[in-house]
Amino acid sequence: MSAQPDLLYSEEEEALRAAVRDLLTDHCDPAGVIARTESETPHDVPLWKTLAGSMGLAGLLIPESLGGQGATHREAAVVLEELGRSVAPVPYLTSAVVATEALLACGADDLLTESASATTVAALAVGLHVAPGGTVPHVRLEDGALHGELTGIADAAVADVLLVPADDGGLYAVRAADATVTPQVSLDLTRPVARVSLDGATGHRLGESGPAVRRALRAGAGLLASEQLGIAGWLLTETVRYLKERKQFNRQVGGFQALKHRLARLWLEVAGLRAAARNAADALATGTDTDVAVAVAQAYAARVAVHAAEEALQLHGGIGMTWEHPVHLYLKRAKADSIAYGTAGAHQEALAESVDLRAP
């Protein structure tokens with residue numbers, strides 16, 4: 001095993017990217033995403049079934065022996081880049097990555113097989129804001145039944161199975177039909193969050209919640225950087241395209257020196273984010289310096305994605321502030337992602353502690 005991370009994309013990864021991008025181009029246009037956010041069903045279930053079932057992407061991280069693809073986090077990162085480019089309202093990160101990692105840690109073969117075949121959507125019932133190694137809220141286990149409330153659970157509304165941490169240290173699989181899922185106000189309408197209430201629900205104990213949740217949140221944080229890369233990359237590309245078309249004083253707006261400098265700075269930031277995100281994906285795939293790679297990626301990714309969205313909004317002028325233009329979707333996703341699986345500050349603190357540079 002090489003000690004040097006491989007930051008380049010393989011031919012297979014580029015082929016996967018092309019296939020996912022073609023599908024999203026045909027089935028996830030910005031107007032359709034905006035219309036869906038205004039409806040009572042923000043999740044694009046038909047798109048999810050195509051991605052998860054027809055293309056088999058739900059099982060990328062699941063071994064072939066359980067019906068999955070037996071791929072690595074590098075391939076999952078490529079998928080998330082493309083989903084980020086389209087702000088696709090599908091539970092890929094929460095189900096195919098985070099919940100799958102928790103199930104893998106517990107050895108829950110039956111649920112993994114169901115997830116790989118796209119017959120079950122699972123969601124880890126831990127708030128989207130919780131960082132790897134952070135305090136994980138849990139519910140009470142009394143007489144074999146689960147009681148309590150958990151908030152900020154991403155994609156709970158579309159989940160079939162909820163993976164719930166309990167106060168006995170176990171992680172329990174609870175059918176969503178046995179829980180009360182109440183939508184909460186979410187800035188990012190393409191990744192809604194909900195409150196999950198359990199009042200005597202029964203669950204199947206999968207294993208120890210501590211190691212499973214830590215593994216799941218670490219993978220979620222590391223691969224979230226690839227989604228943020230996709231967001232920032234789309235915003236940069238679209239802003240450059242718009243500034244080449246927009247004219248002022250009979251000149252292309254993109255020809256003004258001040259705007260060239262802003263775009264050049266943003267390009268450098270996106271290039272740096274690409275390196276950090278690829279490093280995190282490679283580290284997750286190989287198990288080499290994973291905690292450090294994930295912390296570095298998330299300490300950097302949020303700022304770049306949010307900055308790209310702010311620049312796109314400003315440089316698109318008036319149209320960037322309208323509901324009809326998709327820039328606002330990317331700004332909201334970037335803002336929401338900036339606190340998902342830990343803030344940049346939380347990851348900076350984790351990185352500092354790993355090298356014994358704790359704050360005074």
# chains A, B, ... in the order shown; residues from 1 in each chain; ligands from 1
call {"tool": "residues_around", "arguments": {"residues": "segment 215-223 of chain A", "least_positions_apart": "4", "cutoff": "8 Å", "atoms": "only C-alpha atoms", "output": "PyMOL selection string"}}
result
chain A and resi 73+76-77+80+93-94+97-102+105+130-132+211+227+277+280-281+284+291+293-295+297-298+340-342
call {"tool": "select_by_dssp", "arguments": {"residues": "segment 252-360 of chain A", "states": "helix (DSSP H, G or I)", "output": "VMD selection string"}}
result
chain A and resid 253 to 255 257 to 286 290 to 315 317 to 321 327 to 337 344 to 354
call {"tool": "residues_around", "arguments": {"residues": "Arg21 of chain A", "least_positions_apart": "5", "cutoff": "10 Å", "atoms": "only C-alpha atoms", "output": "list in words"}}
result
Ala15, Leu16, Asp26, His27, Cys28, Val79, Glu81, Glu82, Leu83, Arg85 and Ser86 of chain A
call {"tool": "write_last_selection", "arguments": {"atoms": "N, CA, C and O atoms", "output": "mmCIF file, in the first residue's frame"}}
result
data_model
loop_
_atom_site.group_PDB
_atom_site.id
_atom_site.type_symbol
_atom_site.label_atom_id
_atom_site.label_comp_id
_atom_site.auth_asym_id
_atom_site.auth_seq_id
_atom_site.Cartn_x
_atom_site.Cartn_y
_atom_site.Cartn_z
ATOM 1 N N ALA A 15 -15.547 7.535 -15.930
ATOM 2 C CA ALA A 15 -16.689 6.924 -16.609
ATOM 3 C C ALA A 15 -17.923 6.973 -15.714
ATOM 4 O O ALA A 15 -19.047 7.232 -16.195
ATOM 5 N N LEU A 16 -17.726 6.726 -14.424
ATOM 6 C CA LEU A 16 -18.833 6.811 -13.479
ATOM 7 C C LEU A 16 -19.365 8.233 -13.425
ATOM 8 O O LEU A 16 -20.585 8.456 -13.423
ATOM 9 N N ASP A 26 -30.502 14.878 -17.483
ATOM 10 C CA ASP A 26 -31.807 14.533 -18.047
ATOM 11 C C ASP A 26 -32.935 14.578 -17.018
ATOM 12 O O ASP A 26 -34.083 14.867 -17.373
ATOM 13 N N HIS A 27 -32.617 14.305 -15.754
ATOM 14 C CA HIS A 27 -33.690 14.115 -14.774
ATOM 15 C C HIS A 27 -33.616 15.036 -13.559
ATOM 16 O O HIS A 27 -34.453 14.893 -12.652
ATOM 17 N N CYS A 28 -32.662 15.946 -13.514
ATOM 18 C CA CYS A 28 -32.542 16.806 -12.328
ATOM 19 C C CYS A 28 -32.167 18.226 -12.754
ATOM 20 O O CYS A 28 -31.131 18.753 -12.354
ATOM 21 N N VAL A 79 -19.595 10.301 -7.151
ATOM 22 C CA VAL A 79 -21.054 10.421 -7.211
ATOM 23 C C VAL A 79 -21.516 11.666 -6.456
ATOM 24 O O VAL A 79 -22.356 12.435 -6.942
ATOM 25 N N GLU A 81 -19.841 14.397 -5.852
ATOM 26 C CA GLU A 81 -19.488 15.606 -6.605
ATOM 27 C C GLU A 81 -20.596 15.961 -7.590
ATOM 28 O O GLU A 81 -21.016 17.118 -7.697
ATOM 29 N N GLU A 82 -21.061 14.951 -8.317
ATOM 30 C CA GLU A 82 -22.094 15.200 -9.330
ATOM 31 C C GLU A 82 -23.430 15.548 -8.688
ATOM 32 O O GLU A 82 -24.166 16.401 -9.197
ATOM 33 N N LEU A 83 -23.760 14.906 -7.580
ATOM 34 C CA LEU A 83 -24.992 15.257 -6.878
ATOM 35 C C LEU A 83 -24.913 16.676 -6.333
ATOM 36 O O LEU A 83 -25.912 17.403 -6.303
ATOM 37 N N ARG A 85 -23.226 19.108 -7.742
ATOM 38 C CA ARG A 85 -23.364 19.989 -8.908
ATOM 39 C C ARG A 85 -24.830 20.226 -9.269
ATOM 40 O O ARG A 85 -25.166 21.245 -9.855
ATOM 41 N N SER A 86 -25.673 19.282 -8.911
ATOM 42 C CA SER A 86 -27.095 19.394 -9.259
ATOM 43 C C SER A 86 -27.974 19.687 -8.046
ATOM 44 O O SER A 86 -29.196 19.769 -8.195
#
call {"tool": "atom_distance", "arguments": {"atom1": "atom CA of Ala96 of chain A", "atom2": "atom CA of Leu124 of chain A"}}
result
10.8 Å
call {"tool": "closest_atom_pairs", "arguments": {"of": "segment 20-78 of chain A", "to": "segment 156-160 of chain A", "cutoff": "10 Å", "atoms": "only C-alpha atoms", "output": "tab-separated table"}}
result
residue	atom	partner	partner_atom	distance
A:Thr41	CA	A:Val158	CA	9.2
A:Pro42	CA	A:Val158	CA	9.6
A:His43	CA	A:Val158	CA	7.3
A:Asp44	CA	A:Val158	CA	9.8
A:Val45	CA	A:Val158	CA	8.4
call {"tool": "write_last_selection", "arguments": {"atoms": "C-alpha atoms", "output": "PDB file, in the first residue's frame"}}
result
ATOM      1  CA  THR A  41     -42.502  16.011  -1.347  1.00  0.00           C
ATOM      2  CA  PRO A  42     -39.075  17.653  -1.667  1.00  0.00           C
ATOM      3  CA  HIS A  43     -37.297  14.325  -2.146  1.00  0.00           C
ATOM      4  CA  ASP A  44     -37.048  13.131  -5.747  1.00  0.00           C
ATOM      5  CA  VAL A  45     -37.978   9.497  -5.179  1.00  0.00           C
TER       6      VAL A  45
END
